[in-house]
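Trainee: This is the structure I have questions about; it appears just below.
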Amino acid sequence: MLITLPAESQKSAHIRIALNGEHVDVSFAPYKTLLEILREDLSHTGTKHGCELGECGACAVLLEGKPVLSCLVLGVECDSRNILTVEGLGLEGHLHPLQDAFADLGAAQCGYCTPAILVTAKSLLDEHPQATRDQIRAALSGVLCRCTGYLQIFEAVEAAMVKIAEQNAAAK
Ligand code: FES
Ligand code: FES
């Protein structure tokens, strides 16, 4: 006989994370991945659910500033860690320069890959503010885009890089 436990009794794991800069407590079934927790328990559906096999890259988020495939990370591994999703990319009510550039240059078409590409590109530009085309191509190579052919994506990342440099210069 199959016995189904009530949903609440399955939530035996608990973590506290910094999600997009805010401390969040969440309880969940211990087998859940970070992707499932973000989407199902925290209603952060910007991160996309693709293959769940580590192959498409659509589920990428930043863990301590580095891209990870959230479908391959268990939630219980994330206690006390910093996580950034596309929902946290904008700054003080404004779109991030990457988001502006993607909109201006048509780098998001169906948009399914876009959240993962955006956070991955942010991580790259944080580390390499003057990234080359080859560095951009390599950084984004793990996220599959079936729509754009990637050219607009590379151009948008380069345009955002220029904008960020201008903003930084103006802030000095
Ligand atoms: S959902 Fe495809 S790599 Fe995670
Ligand atoms: S914009 Fe459609 S998959 Fe990239």
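Ligands are numbered from 1 in the order shown, chains are lettered A, B, ... in the order of the structure tokens, and residues start at 1 in each chain.
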Counting only C-alpha atoms, what is within 8 Å of region 74-77 of chain A, bar same-chain residues fewer than 3 positions away, as number ranges by chain?
Mentor: A: 13-15, 30-34, 37, 70-71
Trainee: Name all residues at most 8 Å from region 152-167 of chain A (count only C-alpha atoms; drop same-chain ones fewer than 6 positions away) and give them as a PyMOL selection string.
Mentor: chain A and resi 97-98+100-102+105-108+121+125+129-130+133+136-137
Trainee: Taking only chain A into account, list the residues labelled strand (DSSP E) by DSSP (computed from the backbone), as number ranges by chain.
Mentor: A: 13-19, 22-28, 60-63, 66-69, 82-84
Trainee: As number ranges by chain, please: every protein or nucleic acid residue near ligand 1 (cut-off 8 Å, counting only C-alpha atoms and all ligand atoms).
Mentor: A: 35, 48-60, 69-72, 143
Trainee: Give the residue list for ligand 2 at 7 Å, counting only C-alpha atoms and all ligand atoms, as a PDB file with N, CA and C atoms, in the first residue's frame, sorted by chain and then by residue number.
Mentor:
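Here's the written file out39.pdb:
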```
ATOM      1  N   ALA A 107      18.562  40.668 -27.817  1.00  0.00           N
ATOM      2  CA  ALA A 107      19.312  39.476 -27.391  1.00  0.00           C
ATOM      3  C   ALA A 107      18.446  38.479 -26.636  1.00  0.00           C
ATOM      4  N   ALA A 108      17.216  38.866 -26.315  1.00  0.00           N
ATOM      5  CA  ALA A 108      16.268  37.936 -25.708  1.00  0.00           C
ATOM      6  C   ALA A 108      15.125  37.746 -26.694  1.00  0.00           C
ATOM      7  N   GLN A 109      14.929  36.533 -27.142  1.00  0.00           N
ATOM      8  CA  GLN A 109      13.828  36.289 -28.085  1.00  0.00           C
ATOM      9  C   GLN A 109      12.728  35.509 -27.364  1.00  0.00           C
ATOM     10  N   CYS A 110      12.765  34.190 -27.342  1.00  0.00           N
ATOM     11  CA  CYS A 110      11.746  33.503 -26.529  1.00  0.00           C
ATOM     12  C   CYS A 110      11.992  33.768 -25.043  1.00  0.00           C
ATOM     13  N   GLY A 111      13.250  34.039 -24.689  1.00  0.00           N
ATOM     14  CA  GLY A 111      13.593  34.422 -23.324  1.00  0.00           C
ATOM     15  C   GLY A 111      13.891  33.275 -22.382  1.00  0.00           C
ATOM     16  N   TYR A 112      13.783  32.045 -22.859  1.00  0.00           N
ATOM     17  CA  TYR A 112      13.932  30.934 -21.913  1.00  0.00           C
ATOM     18  C   TYR A 112      15.354  30.839 -21.367  1.00  0.00           C
ATOM     19  N   CYS A 113      16.327  31.139 -22.191  1.00  0.00           N
ATOM     20  CA  CYS A 113      17.722  31.068 -21.729  1.00  0.00           C
ATOM     21  C   CYS A 113      18.156  32.339 -21.022  1.00  0.00           C
ATOM     22  N   THR A 114      17.376  33.410 -21.167  1.00  0.00           N
ATOM     23  CA  THR A 114      17.853  34.749 -20.805  1.00  0.00           C
ATOM     24  C   THR A 114      18.216  34.916 -19.320  1.00  0.00           C
ATOM     25  N   LEU A 144      22.437  26.948 -23.385  1.00  0.00           N
ATOM     26  CA  LEU A 144      21.978  26.767 -24.762  1.00  0.00           C
ATOM     27  C   LEU A 144      20.909  27.791 -25.108  1.00  0.00           C
ATOM     28  N   CYS A 145      21.087  28.432 -26.266  1.00  0.00           N
ATOM     29  CA  CYS A 145      20.067  29.334 -26.797  1.00  0.00           C
ATOM     30  C   CYS A 145      19.681  28.828 -28.173  1.00  0.00           C
ATOM     31  N   ARG A 146      18.418  28.506 -28.313  1.00  0.00           N
ATOM     32  CA  ARG A 146      17.978  27.936 -29.596  1.00  0.00           C
ATOM     33  C   ARG A 146      17.472  29.017 -30.538  1.00  0.00           C
ATOM     34  N   CYS A 147      17.398  30.272 -30.065  1.00  0.00           N
ATOM     35  CA  CYS A 147      16.750  31.315 -30.868  1.00  0.00           C
ATOM     36  C   CYS A 147      17.714  32.274 -31.550  1.00  0.00           C
ATOM     37  N   THR A 148      18.721  32.748 -30.850  1.00  0.00           N
ATOM     38  CA  THR A 148      19.410  33.962 -31.302  1.00  0.00           C
ATOM     39  C   THR A 148      20.617  33.699 -32.183  1.00  0.00           C
TER      40      THR A 148
END
```
Trainee: Please identify all polymer residues within 9 Å of Lys11 (chain A), counting only C-alpha atoms, omitting same-chain residues fewer than 6 positions from it, and present them as a VMD selection string.
Mentor: chain A and resid 27 to 30
Trainee: Store the residues picked out above, limited to N, CA and C atoms, as a PDB file, in the first residue's frame.
Mentor:
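selection-v3.pdb, written as the output of this step:
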```pdb
ATOM      1  N   SER A  27      11.818  25.947   4.473  1.00  0.00           N
ATOM      2  CA  SER A  27      11.750  24.526   4.820  1.00  0.00           C
ATOM      3  C   SER A  27      11.270  23.759   3.596  1.00  0.00           C
ATOM      4  N   PHE A  28      11.818  22.557   3.418  1.00  0.00           N
ATOM      5  CA  PHE A  28      11.509  21.825   2.183  1.00  0.00           C
ATOM      6  C   PHE A  28      11.862  20.359   2.376  1.00  0.00           C
ATOM      7  N   ALA A  29      11.395  19.535   1.463  1.00  0.00           N
ATOM      8  CA  ALA A  29      11.762  18.120   1.484  1.00  0.00           C
ATOM      9  C   ALA A  29      13.247  17.987   1.143  1.00  0.00           C
ATOM     10  N   PRO A  30      14.008  17.187   1.897  1.00  0.00           N
ATOM     11  CA  PRO A  30      15.470  17.213   1.785  1.00  0.00           C
ATOM     12  C   PRO A  30      16.036  16.759   0.448  1.00  0.00           C
TER      13      PRO A  30
END
```
Trainee: I'd like the interatomic distance between CA of Thr47 (chain A) and CA of Asn168 (chain A), to a tenth of an Å.
Mentor: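 Computing the Euclidean distance for CA of Thr47 (chain A) and CA of Asn168 (chain A) yields 28.2 Å.
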Trainee: Pull the helix (DSSP H, G or I) assignments for region 16-105 of chain A out of DSSP run on the backbone, and list those residues as a ChimeraX atom specification.
Mentor: /A:34-41,70-72,75-78,86-88,97-105
Trainee: Could you write out the selected residues, including C-alpha atoms, as a short mmCIF file (atom, residue, chain, number, x, y, z; two decimals), in the first residue's frame?
Mentor:
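Below you can see again-v3.cif, which holds the result:
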```cif
data_model
loop_
_atom_site.label_atom_id
_atom_site.label_comp_id
_atom_site.auth_asym_id
_atom_site.auth_seq_id
_atom_site.Cartn_x
_atom_site.Cartn_y
_atom_site.Cartn_z
CA LEU A 34 18.04 24.49 -5.39
CA LEU A 35 16.08 24.93 -8.63
CA GLU A 36 13.00 23.30 -7.13
CA ILE A 37 13.25 25.32 -3.92
CA LEU A 38 13.60 28.61 -5.78
CA ARG A 39 10.65 27.92 -8.04
CA GLU A 40 8.31 25.88 -5.83
CA ASP A 41 9.02 27.04 -2.27
CA SER A 70 20.73 24.92 -9.77
CA CYS A 71 19.23 21.63 -10.97
CA LEU A 72 22.43 19.90 -9.83
CA GLY A 75 19.05 22.79 -1.33
CA VAL A 76 20.65 21.45 1.83
CA GLU A 77 24.06 22.44 0.40
CA CYS A 78 23.03 26.09 0.30
CA VAL A 86 17.64 37.14 -12.24
CA GLU A 87 15.07 38.71 -9.90
CA GLY A 88 17.94 40.32 -8.00
CA PRO A 97 22.87 47.44 -17.82
CA LEU A 98 22.90 43.87 -19.10
CA GLN A 99 19.10 43.79 -19.05
CA ASP A 100 18.91 47.14 -20.85
CA ALA A 101 21.35 46.00 -23.50
CA PHE A 102 19.53 42.70 -24.05
CA ALA A 103 16.27 44.58 -24.56
CA ASP A 104 17.84 47.20 -26.86
CA LEU A 105 19.72 44.72 -29.06
#
```
Trainee: Restricting the calculation to only C-alpha atoms: of A:Ala138, A:Val73, A:Leu151, A:Val61, which residue gets closest to Leu118 (chain A)?
Mentor: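 Nearest to Leu118 (chain A): A:Val61.
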Trainee: Between A:Gln10, A:Ser123, A:Thr85, A:Gln135, which residue has the minimum interatomic distance to Gly46 (chain A), considering only C-alpha atoms?
Mentor: A:Thr85
Trainee: Would you pick out the contacts of region 81-83 of chain A at 7 Å or less, using only C-alpha atoms, so that residues sharing its chain but fewer than 2 positions from it are not included, and give the list as a PDB file with N, CA and C atoms, in the first residue's frame?
Mentor:
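Output contents, as saved in out.pdb:
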```pdb
ATOM      1  N   ILE A  17      19.192  31.382   3.745  1.00  0.00           N
ATOM      2  CA  ILE A  17      20.074  31.837   2.673  1.00  0.00           C
ATOM      3  C   ILE A  17      19.929  33.348   2.511  1.00  0.00           C
ATOM      4  N   ALA A  18      20.922  33.951   1.869  1.00  0.00           N
ATOM      5  CA  ALA A  18      20.784  35.338   1.432  1.00  0.00           C
ATOM      6  C   ALA A  18      20.402  35.267  -0.041  1.00  0.00           C
ATOM      7  N   LEU A  19      19.141  35.532  -0.323  1.00  0.00           N
ATOM      8  CA  LEU A  19      18.626  35.436  -1.692  1.00  0.00           C
ATOM      9  C   LEU A  19      18.437  36.846  -2.233  1.00  0.00           C
ATOM     10  N   ASN A  20      19.237  37.174  -3.217  1.00  0.00           N
ATOM     11  CA  ASN A  20      19.188  38.514  -3.814  1.00  0.00           C
ATOM     12  C   ASN A  20      19.313  39.600  -2.742  1.00  0.00           C
ATOM     13  N   LEU A  62      23.695  32.407  -9.516  1.00  0.00           N
ATOM     14  CA  LEU A  62      25.018  32.635  -8.930  1.00  0.00           C
ATOM     15  C   LEU A  62      24.995  32.184  -7.475  1.00  0.00           C
ATOM     16  N   LEU A  63      25.954  31.361  -7.122  1.00  0.00           N
ATOM     17  CA  LEU A  63      26.144  30.907  -5.742  1.00  0.00           C
ATOM     18  C   LEU A  63      27.490  31.476  -5.310  1.00  0.00           C
ATOM     19  N   GLU A  64      27.454  32.372  -4.323  1.00  0.00           N
ATOM     20  CA  GLU A  64      28.664  33.100  -3.921  1.00  0.00           C
ATOM     21  C   GLU A  64      29.325  33.752  -5.141  1.00  0.00           C
ATOM     22  N   CYS A  78      23.026  24.631   0.484  1.00  0.00           N
ATOM     23  CA  CYS A  78      23.031  26.086   0.298  1.00  0.00           C
ATOM     24  C   CYS A  78      22.872  26.868   1.590  1.00  0.00           C
ATOM     25  N   ASP A  79      22.845  26.184   2.725  1.00  0.00           N
ATOM     26  CA  ASP A  79      22.644  26.902   3.988  1.00  0.00           C
ATOM     27  C   ASP A  79      23.729  27.960   4.166  1.00  0.00           C
ATOM     28  N   THR A  85      19.632  35.432  -8.223  1.00  0.00           N
ATOM     29  CA  THR A  85      18.842  34.997  -9.381  1.00  0.00           C
ATOM     30  C   THR A  85      18.538  36.231 -10.225  1.00  0.00           C
TER      31      THR A  85
END
```
Trainee: Point out the residue among A:Lys172, A:Gly65, A:Ser80, A:His94 with the least atom-to-atom distance to Leu124 (chain A), counting only C-alpha atoms.
Mentor: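 Going through A:Lys172, A:Gly65, A:Ser80, A:His94 one by one, the smallest distance to Leu124 (chain A) is for A:Gly65.
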Trainee: So what do you get for CA of Ala116 (chain A) versus CA of Ser43 (chain A), distance-wise?
Mentor: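 Those two atoms sit 16.8 Å apart.
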